[in-house]
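**Q** Sharing structure26.cif, mmCIF, C-alpha atoms:
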```
data_query
#
loop_
_atom_site.label_atom_id
_atom_site.label_comp_id
_atom_site.auth_asym_id
_atom_site.auth_seq_id
_atom_site.Cartn_x
_atom_site.Cartn_y
_atom_site.Cartn_z
CA MET Q 8 -44.93 -55.85 28.87
CA TRP Q 9 -45.30 -56.23 32.67
CA ARG Q 10 -42.62 -58.93 32.75
CA ASP Q 11 -40.25 -56.65 30.85
CA ALA Q 12 -41.12 -53.74 33.16
CA MET Q 13 -40.32 -55.84 36.23
CA LEU Q 14 -37.06 -56.98 34.67
CA VAL Q 15 -35.91 -53.43 33.88
CA ALA Q 16 -37.06 -52.01 37.22
CA GLY Q 17 -35.29 -54.80 39.09
CA LYS Q 18 -32.11 -54.21 37.12
CA ASP Q 19 -32.17 -50.43 37.70
CA LEU Q 20 -32.90 -50.79 41.42
CA ARG Q 21 -30.14 -53.35 41.80
CA ILE Q 22 -27.72 -50.94 40.11
CA GLU Q 23 -28.87 -48.18 42.45
CA ALA Q 24 -28.49 -50.43 45.49
CA ARG Q 25 -24.92 -51.20 44.40
CA SER Q 26 -23.82 -47.71 43.46
CA LYS Q 27 -25.75 -45.89 46.23
CA ILE Q 28 -25.65 -42.70 44.15
CA ALA Q 29 -29.09 -41.61 45.41
CA LEU Q 30 -28.18 -42.26 49.02
CA ASN Q 31 -24.67 -40.82 49.01
CA GLN Q 32 -25.02 -37.96 46.55
CA ILE Q 33 -28.58 -37.03 45.58
CA ALA Q 34 -30.16 -37.18 49.06
CA PRO Q 35 -27.44 -34.98 50.61
CA PHE Q 36 -27.81 -32.59 47.66
CA ALA Q 37 -31.58 -32.31 48.23
CA LEU Q 38 -31.07 -31.69 51.95
CA VAL Q 39 -28.45 -29.03 51.20
CA VAL Q 40 -31.01 -27.30 48.94
CA LEU Q 41 -33.47 -27.23 51.86
CA LEU Q 42 -30.75 -25.96 54.18
CA LEU Q 43 -29.72 -23.18 51.80
CA PHE Q 44 -33.31 -21.98 51.58
CA ALA Q 45 -33.40 -21.97 55.37
CA PHE Q 46 -30.35 -19.69 55.36
CA ALA Q 47 -31.75 -17.48 52.61
CA LEU Q 48 -35.21 -17.07 54.15
CA ASP Q 49 -34.91 -16.11 57.76
CA PRO Q 50 -36.65 -18.86 59.80
CA ASP Q 51 -37.67 -16.35 62.47
CA ARG Q 52 -39.89 -14.37 60.13
CA GLY Q 53 -42.26 -17.20 59.30
CA PHE Q 54 -41.44 -17.20 55.57
CA LEU Q 55 -40.16 -20.73 55.70
CA GLN Q 56 -43.39 -22.25 56.97
CA GLU Q 57 -45.34 -20.42 54.26
CA ALA Q 58 -42.86 -21.36 51.57
CA THR Q 59 -42.49 -25.00 52.67
CA PRO Q 60 -44.68 -26.53 49.91
CA GLY Q 61 -42.83 -24.69 47.11
CA LEU Q 62 -39.40 -25.35 48.57
CA PHE Q 63 -40.20 -29.03 49.07
CA TRP Q 64 -41.26 -29.42 45.44
CA ILE Q 65 -38.28 -27.45 44.11
CA ALA Q 66 -35.99 -29.83 46.01
CA VAL Q 67 -37.94 -32.80 44.60
CA LEU Q 68 -37.77 -31.36 41.08
CA LEU Q 69 -34.00 -30.86 41.18
CA SER Q 70 -33.58 -34.35 42.62
CA THR Q 71 -35.76 -35.77 39.83
CA LEU Q 72 -33.39 -34.30 37.24
CA LEU Q 73 -30.43 -35.99 38.89
CA VAL Q 74 -32.18 -39.35 39.32
CA VAL Q 75 -33.39 -39.38 35.71
CA GLN Q 76 -29.96 -38.43 34.40
CA ARG Q 77 -28.45 -41.22 36.47
CA SER Q 78 -31.05 -43.66 35.16
CA TYR Q 79 -29.94 -42.97 31.58
CA ALA Q 80 -26.25 -42.66 32.40
CA VAL Q 81 -26.18 -46.37 33.28
CA GLU Q 82 -27.61 -47.10 29.83
CA SER Q 83 -25.06 -44.91 28.04
CA ALA Q 84 -21.97 -46.45 29.61
CA ASP Q 85 -20.27 -49.22 27.63
CA GLY Q 86 -22.80 -49.18 24.78
CA GLY Q 87 -25.70 -49.97 27.06
CA ARG Q 88 -28.20 -48.17 24.88
CA ASP Q 89 -27.58 -50.51 21.95
CA ALA Q 90 -27.65 -53.41 24.39
CA LEU Q 91 -31.03 -52.34 25.74
CA ARG Q 92 -32.41 -52.19 22.20
CA MET Q 93 -30.89 -55.57 21.39
CA THR Q 94 -32.73 -57.21 24.28
CA GLY Q 95 -35.90 -56.86 22.20
CA LEU Q 96 -37.82 -55.92 25.35
CA ASP Q 97 -41.18 -54.22 24.88
CA PRO Q 98 -40.45 -50.45 24.78
CA ALA Q 99 -43.56 -49.71 26.85
CA GLY Q 100 -42.27 -52.22 29.39
CA VAL Q 101 -38.85 -50.55 29.39
CA PHE Q 102 -40.54 -47.18 29.95
CA LEU Q 103 -42.64 -48.51 32.84
CA GLY Q 104 -39.67 -50.32 34.36
CA LYS Q 105 -37.35 -47.32 34.23
CA SER Q 106 -40.14 -45.08 35.55
CA ALA Q 107 -40.90 -47.48 38.39
CA ALA Q 108 -37.27 -47.59 39.48
CA VAL Q 109 -36.99 -43.78 39.40
CA PHE Q 110 -40.29 -43.57 41.34
CA VAL Q 111 -39.01 -45.83 44.12
CA VAL Q 112 -35.80 -43.83 44.48
CA LEU Q 113 -37.67 -40.49 44.46
CA ALA Q 114 -40.25 -41.73 46.95
CA MET Q 115 -37.47 -42.54 49.40
CA LEU Q 116 -35.90 -39.12 48.81
CA GLU Q 117 -39.26 -37.47 49.45
CA VAL Q 118 -39.58 -39.20 52.80
CA GLY Q 119 -36.16 -37.79 53.70
CA LEU Q 120 -37.18 -34.34 52.48
CA GLY Q 121 -40.42 -34.56 54.47
CA VAL Q 122 -38.41 -35.19 57.61
CA GLY Q 123 -36.08 -32.37 56.53
CA VAL Q 124 -38.83 -29.74 56.25
CA ARG Q 125 -40.34 -30.89 59.53
CA LEU Q 126 -37.05 -30.48 61.36
CA MET Q 127 -35.45 -27.55 59.53
CA TYR Q 128 -38.54 -25.45 58.80
CA ASP Q 129 -40.55 -26.51 61.85
CA THR Q 130 -43.54 -27.16 59.57
CA SER Q 131 -46.33 -29.20 61.10
CA LEU Q 132 -47.57 -31.73 58.55
CA ARG Q 133 -51.37 -31.96 58.49
CA GLY Q 134 -53.87 -33.57 56.13
CA TRP Q 135 -51.91 -36.79 55.63
CA PRO Q 136 -54.26 -38.53 53.17
CA VAL Q 137 -54.29 -35.68 50.68
CA LEU Q 138 -50.56 -35.09 51.16
CA VAL Q 139 -49.85 -38.73 50.31
CA VAL Q 140 -52.15 -38.74 47.26
CA ALA Q 141 -50.70 -35.46 46.00
CA THR Q 142 -47.17 -36.75 46.49
CA VAL Q 143 -47.84 -40.02 44.66
CA ALA Q 144 -49.62 -38.27 41.77
CA ALA Q 145 -47.03 -35.50 41.45
CA THR Q 146 -44.14 -37.94 41.66
CA THR Q 147 -45.71 -40.17 39.02
CA GLY Q 148 -46.08 -37.16 36.72
CA LEU Q 149 -42.51 -36.01 37.31
CA VAL Q 150 -41.13 -39.50 36.81
CA ALA Q 151 -43.11 -40.18 33.64
CA ALA Q 152 -42.21 -36.84 32.07
CA GLY Q 153 -38.59 -37.22 33.19
CA THR Q 154 -38.34 -40.69 31.67
CA VAL Q 155 -39.78 -39.47 28.35
CA TYR Q 156 -37.50 -36.44 28.09
CA GLY Q 157 -34.57 -38.39 29.49
CA ALA Q 158 -34.90 -40.87 26.63
CA LEU Q 159 -35.14 -38.02 24.15
CA ALA Q 160 -31.96 -36.40 25.46
CA ALA Q 161 -30.06 -39.61 26.22
CA GLY Q 162 -28.77 -40.22 22.72
CA LEU Q 163 -27.36 -36.71 22.33
CA ARG Q 164 -23.96 -35.38 23.32
CA VAL Q 165 -25.58 -32.37 25.01
CA ARG Q 166 -27.90 -34.47 27.17
CA GLU Q 167 -26.77 -33.07 30.53
CA THR Q 168 -27.78 -29.53 29.60
CA LEU Q 169 -30.66 -30.39 27.29
CA LEU Q 170 -32.66 -32.43 29.77
CA PRO Q 171 -33.31 -29.57 32.24
CA LEU Q 172 -34.19 -27.29 29.34
CA LEU Q 173 -36.81 -29.74 28.04
CA PHE Q 174 -38.05 -31.05 31.36
CA LEU Q 175 -38.44 -28.03 33.63
CA PRO Q 176 -40.97 -26.04 31.55
CA VAL Q 177 -43.07 -29.13 30.90
CA VAL Q 178 -43.49 -29.99 34.58
CA ALA Q 179 -44.64 -26.50 35.58
CA PRO Q 180 -48.20 -27.85 36.12
CA VAL Q 181 -46.83 -30.42 38.58
CA MET Q 182 -44.93 -27.73 40.46
CA ILE Q 183 -48.01 -25.53 40.65
CA GLY Q 184 -50.38 -28.40 41.48
CA GLY Q 185 -48.09 -29.97 44.05
CA THR Q 186 -47.35 -26.67 45.76
CA ARG Q 187 -50.99 -25.60 45.88
CA ALA Q 188 -52.18 -29.02 47.05
CA PHE Q 189 -49.60 -29.06 49.83
CA ALA Q 190 -50.32 -25.45 50.83
CA ALA Q 191 -54.06 -26.12 51.01
CA ALA Q 192 -53.55 -29.37 52.93
CA LEU Q 193 -51.22 -27.72 55.45
CA ASP Q 194 -53.77 -24.90 55.89
CA GLY Q 195 -56.47 -27.46 56.60
CA SER Q 196 -58.39 -26.77 53.32
CA SER Q 197 -58.53 -30.37 52.17
CA GLY Q 198 -61.32 -29.68 49.64
CA GLU Q 199 -59.10 -27.32 47.69
CA ALA Q 200 -56.16 -29.70 48.06
CA TRP Q 201 -58.15 -32.54 46.48
CA ARG Q 202 -59.02 -30.29 43.53
CA TRP Q 203 -55.32 -29.74 42.86
CA CYS Q 204 -54.81 -33.48 43.14
CA GLY Q 205 -57.14 -33.79 40.15
CA LEU Q 206 -54.70 -31.77 38.04
CA LEU Q 207 -51.77 -33.85 39.28
CA ILE Q 208 -53.53 -37.13 38.50
CA THR Q 209 -54.52 -35.91 35.03
CA PHE Q 210 -50.92 -34.91 34.27
CA ALA Q 211 -49.59 -38.22 35.57
CA VAL Q 212 -52.04 -40.31 33.54
CA ALA Q 213 -51.35 -38.26 30.39
CA TYR Q 214 -47.57 -38.63 30.67
CA VAL Q 215 -47.66 -42.32 31.53
CA ALA Q 216 -49.84 -42.92 28.45
CA LEU Q 217 -47.62 -40.68 26.31
CA GLY Q 218 -44.49 -42.46 27.50
CA MET Q 219 -45.90 -45.88 26.72
CA LEU Q 220 -46.80 -44.72 23.22
CA LEU Q 221 -43.68 -42.69 22.44
CA PHE Q 222 -40.93 -44.74 24.02
CA GLU Q 223 -40.31 -46.96 21.02
CA PRO Q 224 -39.61 -44.09 18.57
CA LEU Q 225 -37.64 -42.31 21.29
CA LEU Q 226 -35.41 -45.34 21.80
CA GLU Q 227 -35.00 -45.80 18.07
CA ASP Q 228 -34.46 -42.29 16.84
CA SER Q 229 -32.83 -40.28 19.58
CA MET P 10 -32.31 -72.25 0.25
CA GLU P 11 -34.06 -69.14 1.56
CA PRO P 12 -31.42 -66.61 2.72
CA VAL P 13 -31.50 -65.57 6.38
CA ILE P 14 -30.08 -62.19 5.34
CA HIS P 15 -31.26 -60.60 2.13
CA LEU P 16 -30.23 -57.05 1.22
CA ARG P 17 -30.86 -55.24 -2.03
CA ASP P 18 -29.41 -51.82 -2.75
CA ALA P 19 -29.35 -51.19 1.01
CA VAL P 20 -28.39 -47.68 2.04
CA THR P 21 -27.70 -46.51 5.59
CA VAL P 22 -27.00 -42.87 6.27
CA LEU P 23 -25.18 -41.78 9.43
CA GLY P 24 -25.73 -38.07 9.82
CA ARG P 25 -25.37 -37.05 6.20
CA PHE P 26 -22.80 -39.67 5.36
CA PRO P 27 -23.92 -42.75 3.43
CA ALA P 28 -22.07 -45.39 5.44
CA LEU P 29 -23.63 -48.06 3.24
CA ALA P 30 -24.20 -46.94 -0.32
CA GLY P 31 -26.20 -49.73 -1.94
CA VAL P 32 -25.31 -53.13 -0.54
CA ASP P 33 -26.53 -56.36 -2.15
CA LEU P 34 -26.02 -59.40 0.05
CA ASP P 35 -27.48 -62.84 0.58
CA VAL P 36 -26.42 -65.06 3.46
CA THR P 37 -27.83 -68.53 3.91
CA ARG P 38 -28.31 -70.43 7.15
CA GLY P 39 -25.19 -72.11 8.48
CA GLU P 40 -22.67 -69.78 6.85
CA ILE P 41 -19.88 -68.00 8.67
CA VAL P 42 -19.25 -64.90 6.61
CA LEU P 43 -16.14 -62.82 7.15
CA VAL P 44 -16.76 -59.16 6.43
CA ALA P 45 -13.43 -57.61 5.51
CA GLY P 46 -12.45 -54.15 4.37
CA PRO P 47 -10.46 -51.07 5.33
CA ASN P 48 -11.33 -48.73 8.20
CA GLY P 49 -14.49 -46.75 7.53
CA ALA P 50 -15.57 -49.03 4.71
CA GLY P 51 -18.91 -49.80 6.36
CA LYS P 52 -18.29 -53.20 8.00
CA SER P 53 -19.68 -52.21 11.40
CA THR P 54 -22.60 -50.39 9.84
CA LEU P 55 -23.47 -53.46 7.79
CA LEU P 56 -23.56 -55.56 10.95
CA ARG P 57 -25.58 -52.93 12.79
CA LEU P 58 -28.04 -52.69 9.91
CA CYS P 59 -28.56 -56.45 9.84
CA ALA P 60 -28.92 -56.56 13.64
CA GLY P 61 -31.68 -53.95 13.45
CA LEU P 62 -29.64 -51.24 15.15
CA ALA P 63 -28.96 -48.95 12.19
CA PRO P 64 -31.82 -47.69 10.02
CA LEU P 65 -32.36 -48.69 6.42
CA ALA P 66 -32.65 -45.41 4.53
CA LYS P 67 -33.17 -46.85 1.05
CA GLY P 68 -33.36 -50.19 -0.65
CA SER P 69 -34.82 -53.30 0.93
CA GLY P 70 -33.76 -55.92 3.40
CA GLN P 71 -35.02 -58.90 5.33
CA VAL P 72 -33.37 -60.73 8.20
CA LEU P 73 -34.84 -64.09 9.21
CA GLY P 74 -37.78 -63.15 6.99
CA PHE P 75 -38.52 -59.94 8.93
CA ASP P 76 -38.48 -56.61 7.13
CA LEU P 77 -35.56 -54.43 8.23
CA GLU P 78 -37.59 -51.25 8.05
CA ARG P 79 -40.70 -52.26 9.93
CA ARG P 80 -39.87 -55.22 12.16
CA ARG P 81 -36.54 -54.48 13.72
CA ARG P 82 -37.65 -55.47 17.22
CA GLU P 83 -38.55 -58.98 16.06
CA ILE P 84 -35.13 -59.24 14.42
CA ARG P 85 -33.31 -58.07 17.56
CA ARG P 86 -35.04 -60.67 19.69
CA ARG P 87 -33.62 -63.42 17.49
CA VAL P 88 -30.09 -62.25 16.79
CA GLY P 89 -27.03 -61.46 18.89
CA TYR P 90 -24.68 -58.53 18.40
CA LEU P 91 -21.25 -58.05 19.91
CA GLY P 92 -19.96 -54.63 18.90
CA HIS P 93 -16.96 -52.54 19.81
CA THR P 94 -18.48 -51.90 23.22
CA ASN P 95 -19.61 -54.69 25.51
CA GLY P 96 -23.06 -53.44 26.49
CA LEU P 97 -22.58 -54.43 30.13
CA TYR P 98 -23.91 -52.75 33.25
CA LEU P 99 -20.78 -51.78 35.13
CA ASP P 100 -22.34 -51.81 38.61
CA LEU P 101 -23.73 -55.32 38.19
CA THR P 102 -21.66 -58.45 38.51
CA ALA P 103 -20.75 -60.60 35.51
CA GLU P 104 -23.32 -63.17 36.58
CA GLU P 105 -26.05 -60.57 37.07
CA ASN P 106 -25.41 -59.20 33.59
CA VAL P 107 -25.75 -62.65 32.04
CA ARG P 108 -28.87 -63.36 34.11
CA PHE P 109 -30.43 -60.13 32.84
CA TRP P 110 -29.85 -61.15 29.25
CA ALA P 111 -31.13 -64.66 29.93
CA ARG P 112 -34.32 -63.33 31.48
CA SER P 113 -34.81 -60.88 28.59
CA VAL P 114 -35.46 -63.84 26.31
CA GLY P 115 -37.30 -65.86 28.94
CA ALA P 116 -34.46 -68.36 29.37
CA PRO P 117 -34.18 -70.11 32.74
CA VAL P 118 -31.73 -68.55 35.17
CA GLY P 119 -29.84 -71.85 35.21
CA ASP P 120 -28.85 -71.14 31.61
CA ALA P 121 -26.86 -68.13 32.78
CA VAL P 122 -24.77 -70.23 35.12
CA ALA P 123 -24.35 -72.95 32.49
CA THR P 124 -23.20 -70.35 29.95
CA LEU P 125 -20.66 -68.89 32.36
CA ASP P 126 -19.40 -72.43 32.96
CA ARG P 127 -19.23 -73.03 29.22
CA LEU P 128 -17.23 -69.86 28.75
CA GLU P 129 -14.91 -70.94 31.54
CA VAL P 130 -15.61 -67.76 33.48
CA ALA P 131 -13.80 -68.22 36.78
CA GLN P 132 -16.04 -68.41 39.87
CA ARG P 133 -13.95 -65.82 41.67
CA TRP P 134 -14.78 -63.01 39.27
CA ARG P 135 -18.40 -63.91 38.53
CA SER P 136 -19.49 -62.04 41.64
CA LEU P 137 -17.35 -58.97 40.97
CA ALA P 138 -18.88 -55.79 39.56
CA VAL P 139 -18.03 -55.53 35.86
CA ALA P 140 -16.37 -52.17 36.57
CA HIS P 141 -13.64 -54.10 38.40
CA LEU P 142 -12.97 -56.60 35.61
CA SER P 143 -10.20 -56.43 33.03
CA ALA P 144 -10.94 -55.71 29.36
CA GLY P 145 -10.63 -59.38 28.47
CA GLN P 146 -12.88 -60.49 31.32
CA ARG P 147 -15.49 -57.94 30.27
CA ARG P 148 -15.32 -59.16 26.68
CA ARG P 149 -15.80 -62.73 27.81
CA THR P 150 -18.80 -61.67 29.93
CA ALA P 151 -20.28 -59.84 26.94
CA LEU P 152 -19.85 -62.99 24.89
CA ALA P 153 -21.66 -64.96 27.61
CA CYS P 154 -24.54 -62.45 27.39
CA LEU P 155 -24.75 -63.16 23.67
CA VAL P 156 -24.47 -66.93 23.97
CA VAL P 157 -27.13 -67.24 26.67
CA ARG P 158 -29.74 -65.88 24.25
CA ARG P 159 -29.06 -68.66 21.72
CA PRO P 160 -29.28 -66.25 18.77
CA GLU P 161 -30.10 -67.47 15.29
CA ILE P 162 -27.57 -65.08 13.79
CA TRP P 163 -24.37 -63.92 15.48
CA PHE P 164 -23.10 -60.48 14.48
CA LEU P 165 -19.55 -60.15 15.76
CA ASP P 166 -17.67 -56.90 15.25
CA GLU P 167 -13.95 -57.35 15.91
CA PRO P 168 -14.80 -60.09 18.39
CA HIS P 169 -11.21 -61.14 19.14
CA THR P 170 -10.17 -57.70 20.34
CA GLY P 171 -9.03 -57.75 23.97
CA LEU P 172 -9.11 -61.54 24.25
CA ASP P 173 -6.13 -63.72 25.10
CA ALA P 174 -5.20 -66.74 22.96
CA THR P 175 -7.30 -69.17 25.02
CA SER P 176 -10.35 -66.92 24.86
CA ARG P 177 -9.93 -66.48 21.12
CA ASP P 178 -9.89 -70.22 20.61
CA LEU P 179 -12.92 -70.54 22.84
CA LEU P 180 -14.77 -67.86 20.86
CA ASP P 181 -14.01 -69.61 17.58
CA SER P 182 -15.20 -72.94 18.93
CA LEU P 183 -18.41 -71.33 20.22
CA VAL P 184 -19.14 -69.87 16.80
CA ARG P 185 -18.50 -73.21 15.09
CA GLU P 186 -20.65 -74.97 17.65
CA ALA P 187 -23.51 -72.51 17.14
CA VAL P 188 -23.31 -72.83 13.37
CA THR P 189 -23.32 -76.61 13.64
CA GLY P 190 -26.52 -76.17 15.64
CA GLY P 191 -28.15 -74.18 12.83
CA ALA P 192 -27.04 -70.62 13.54
CA THR P 193 -25.35 -68.23 11.10
CA ALA P 194 -22.51 -65.78 11.78
CA LEU P 195 -21.25 -62.55 10.27
CA VAL P 196 -17.82 -61.57 11.55
CA ALA P 197 -16.24 -58.20 10.82
CA SER P 198 -12.56 -58.28 11.50
CA HIS P 199 -9.16 -56.91 10.63
CA GLU P 200 -7.52 -60.03 12.01
CA LEU P 201 -7.83 -61.87 8.74
CA ASP P 202 -5.60 -64.80 9.57
CA ARG P 203 -7.72 -65.91 12.47
CA SER P 204 -11.12 -64.89 11.09
CA ALA P 205 -10.47 -66.38 7.67
CA ALA P 206 -9.74 -69.74 9.28
CA LEU P 207 -13.12 -69.53 10.95
CA ALA P 208 -15.14 -68.30 7.97
CA SER P 209 -16.78 -70.28 5.19
CA ARG P 210 -17.01 -67.22 2.94
CA GLU P 211 -15.54 -63.77 2.73
CA ILE P 212 -17.07 -60.56 1.47
CA ARG P 213 -15.14 -57.35 1.09
CA ILE P 214 -16.65 -53.94 1.68
CA VAL P 215 -15.10 -50.85 0.17
CA GLY P 216 -16.69 -47.42 0.26
CA GLY P 217 -19.99 -48.69 1.58
CA VAL P 218 -20.60 -51.32 -1.09
CA VAL P 219 -19.75 -55.00 -1.34
CA ALA P 220 -16.74 -55.09 -3.62
CA GLY P 221 -16.25 -58.83 -3.81
CA ALA P 222 -18.00 -61.97 -2.66
CA GLY P 223 -17.17 -65.61 -2.81
CA ASP P 224 -18.87 -68.87 -1.90
CA GLU P 225 -17.95 -72.08 -0.14
CA SER P 226 -15.52 -72.96 -2.92
CA GLU P 227 -13.76 -69.64 -2.44
CA ARG P 228 -12.89 -70.19 1.16
CA PRO P 229 -10.61 -67.41 2.38
CA THR P 230 -7.00 -68.32 2.93
CA GLY P 231 -6.18 -65.68 5.47
CA ASP P 232 -3.93 -63.60 3.27
CA SER P 233 -6.66 -61.71 1.43
#
```
Could I get this structure in the form of structure tokens?
**A**
Amino acid sequence: MWRDAMLVAGKDLRIEARSKIALNQIAPFALVVLLLFAFALDPDRGFLQEATPGLFWIAVLLSTLLVVQRSYAVESADGGRDALRMTGLDPAGVFLGKSAAVFVVLAMLEVGLGVGVRLMYDTSLRGWPVLVVATVAATTGLVAAGTVYGALAAGLRVRETLLPLLFLPVVAPVMIGGTRAFAAALDGSSGEAWRWCGLLITFAVAYVALGMLLFEPLLEDS
Amino acid sequence: MEPVIHLRDAVTVLGRFPALAGVDLDVTRGEIVLVAGPNGAGKSTLLRLCAGLAPLAKGSGQVLGFDLERRRREIRRRVGYLGHTNGLYLDLTAEENVRFWARSVGAPVGDAVATLDRLEVAQRWRSLAVAHLSAGQRRRTALACLVVRRPEIWFLDEPHTGLDATSRDLLDSLVREAVTGGATALVASHELDRSAALASREIRIVGGVVAGAGDESERPTGDS
């Protein structure tokens, strides 16, 4: 399973390195989202600093949708989905590999977004340890859920519109947990932030386990 | 001899349409079976069923001794399927695609290079992204991806499409070589002249059922 996961992750990351879709399209999109919020919420009135955690996670969430859709688009082109099934790779390994590749891409986007909120919103980032743990846990949850629902939608003609419909309601706990953990950490209440991390870690573990169990029927039947 | 493909009353439903409506078929090791029939008869679905890609809705079937309903992943690991699409990653190079397939079955990376050599894939386009290759070059790369896995059964759906005369000859020689080495092949094709010359037996599918079958003594002549 781990060998298969490494193989799939390596393949997806190599494709991303070649196509540079995340770098040239998704990262600018995420930064434009941050910029538009800066225009919408007057920076002089202090709203932006207060809203930073929520705005950061909304930008991450929208980017996740695009990265997951891209991850499955490369499998849909030229009969790739059948090809992936024909490899006979362990479905749990395929799930972990695709998730790992999406995680790496999202993590890089999040670093860019972190710099973006620091510069555009003038938010001072405090409580680094809890911010990092919350980011890793929330990203893992988003990636795992996105990979599960991406596989579900991938075989359908309406996948572009179906994926957001399935994915966004499901990841509401990640949005809430991530936003609250960040808000608490930036306020200096690290105890409360760690409690929200618990929710994020629980969600991530649940969806990783679910994905490993469900990926085979999802690949077969969707 | 134990058949490597054994279907009894096999039914496959696509949507609500029974693409295969009760197929009986036995194929023994070392055969090259030409699957002929009109458009929409069920040739591609038969190949996809046997390759473990299409579900068996009713009836029974075994491929290489594995049950088609419950053990499709084991079947897929051991067979190769070249369908209407090539199954290539367009952003990867031809060589990277073949390496991926080689590694998926645990074959050494050197096998990928050897296979590309065997398929006479020119060095100058091995390092090009597949998106920049011609249809024929892509088809040849897809064939290399199949060959590198050393499948026990080759399922080839219109395999000559998009290939030039040299590539077609090469494909035929690869199939013969594999069969000599103990593999089996099912070839669905409308190009009966060429495919019949390759095949040791022909079956004809009409309306989702096998309408006629022959054996070694009924070798197709190419005008059927």
**Q** For chain Q, which of P:Glu40, P:Glu211, P:Glu105, P:Glu186 is the closest residue, counting all atoms listed in the file?
**A**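 So, comparing all the options, the nearest one is P:Glu105.
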**Q** Let me know the residues the PyMOL selection byres ((chain P and resi 58-60) around 9) catches in the file above, as a PDB file with C-alpha atoms, in the coordinates of the input.
**A**
```
ATOM      1  CA  MET Q  93     -30.890 -55.570  21.390  1.00  0.00           C
TER       2      MET Q  93
ATOM      3  CA  ILE P  14     -30.080 -62.190   5.340  1.00  0.00           C
ATOM      4  CA  LEU P  16     -30.230 -57.050   1.220  1.00  0.00           C
ATOM      5  CA  THR P  21     -27.700 -46.510   5.590  1.00  0.00           C
ATOM      6  CA  SER P  53     -19.680 -52.210  11.400  1.00  0.00           C
ATOM      7  CA  THR P  54     -22.600 -50.390   9.840  1.00  0.00           C
ATOM      8  CA  LEU P  55     -23.470 -53.460   7.790  1.00  0.00           C
ATOM      9  CA  LEU P  56     -23.560 -55.560  10.950  1.00  0.00           C
ATOM     10  CA  ARG P  57     -25.580 -52.930  12.790  1.00  0.00           C
ATOM     11  CA  GLY P  61     -31.680 -53.950  13.450  1.00  0.00           C
ATOM     12  CA  LEU P  62     -29.640 -51.240  15.150  1.00  0.00           C
ATOM     13  CA  ALA P  63     -28.960 -48.950  12.190  1.00  0.00           C
ATOM     14  CA  PRO P  64     -31.820 -47.690  10.020  1.00  0.00           C
ATOM     15  CA  LEU P  65     -32.360 -48.690   6.420  1.00  0.00           C
ATOM     16  CA  GLY P  70     -33.760 -55.920   3.400  1.00  0.00           C
ATOM     17  CA  GLN P  71     -35.020 -58.900   5.330  1.00  0.00           C
ATOM     18  CA  VAL P  72     -33.370 -60.730   8.200  1.00  0.00           C
ATOM     19  CA  LEU P  77     -35.560 -54.430   8.230  1.00  0.00           C
ATOM     20  CA  ARG P  81     -36.540 -54.480  13.720  1.00  0.00           C
ATOM     21  CA  ILE P  84     -35.130 -59.240  14.420  1.00  0.00           C
ATOM     22  CA  ARG P  85     -33.310 -58.070  17.560  1.00  0.00           C
ATOM     23  CA  VAL P  88     -30.090 -62.250  16.790  1.00  0.00           C
ATOM     24  CA  GLY P  89     -27.030 -61.460  18.890  1.00  0.00           C
ATOM     25  CA  TYR P  90     -24.680 -58.530  18.400  1.00  0.00           C
ATOM     26  CA  ILE P 162     -27.570 -65.080  13.790  1.00  0.00           C
ATOM     27  CA  TRP P 163     -24.370 -63.920  15.480  1.00  0.00           C
ATOM     28  CA  PHE P 164     -23.100 -60.480  14.480  1.00  0.00           C
TER      29      PHE P 164
END
```
**Q** With distances taken over only C-alpha atoms, which of P:Arg177, P:Ser136, P:Gly92, P:Trp110 is nearest to Arg159 of chain P?
**A**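 Counting only C-alpha atoms, the residue closest to Arg159 of chain P is P:Trp110.
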**Q** Nearest residue to Lys105 of chain Q out of Q:Gly218, Q:Gly123, Q:Pro180, Q:Pro136, using only C-alpha atoms?
**A** Q:Gly218
**Q** Within 12 Å of chain Q, which residues of chain P are there when counting only C-alpha atoms? Please give them as a ChimeraX atom specification.
**A** /P:23-24,57,59-64,78-102,105-115,137-140,144,147-148,151,154-155,157-158,160,164
**Q** Find the distance between atom CA of Val118 of chain P and atom CA of Arg135 of chain P and write it in Å to one decimal.
**A**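 Interatomic distance, atom CA of Val118 of chain P to atom CA of Arg135 of chain P: 14.5 Å.
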**Q** How many Å lie between atom CA of Tyr128 of chain Q and atom CA of Arg77 of chain Q, rounded to one decimal?
**A**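 It comes out at 29.1 Å.
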**Q** To one decimal place, how far is atom CA of Lys27 of chain Q from atom CA of Val101 of chain Q in Å?
**A** 21.8 Å
**Q** List as a Markdown table every residue of segment 17-132 of chain Q that is in contact with segment 192-212 of chain Q, defined as an atom at most 9 Å from one of its atoms (using all atoms listed in the file), together with the nearest atom pair and the distance in Å rounded to one decimal, sorted by chain and then rising number.
**A**
```
| residue | atom | partner | partner_atom | distance |
| --- | --- | --- | --- | --- |
| Q:Pro60 | CA | Q:Leu193 | CA | 8.7 |
| Q:Thr130 | CA | Q:Leu193 | CA | 8.7 |
| Q:Ser131 | CA | Q:Leu193 | CA | 7.6 |
| Q:Leu132 | CA | Q:Leu193 | CA | 6.2 |
```
**Q** Choose the residue, out of Q:Phe63, Q:Phe110, Q:Tyr214, Q:Tyr79, that has the smallest atom-to-atom separation from Val178 of chain Q; count only C-alpha atoms.
**A**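 Smallest separation from Val178 of chain Q among the options: Q:Tyr214.
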**Q** Output the residue selection produced by the PyMOL selection byres ((chain Q and resi 40) around 12) on the file above, formatted as number ranges by chain.
**A** Q: 33-39, 41-47, 62-70, 120, 123-124, 127
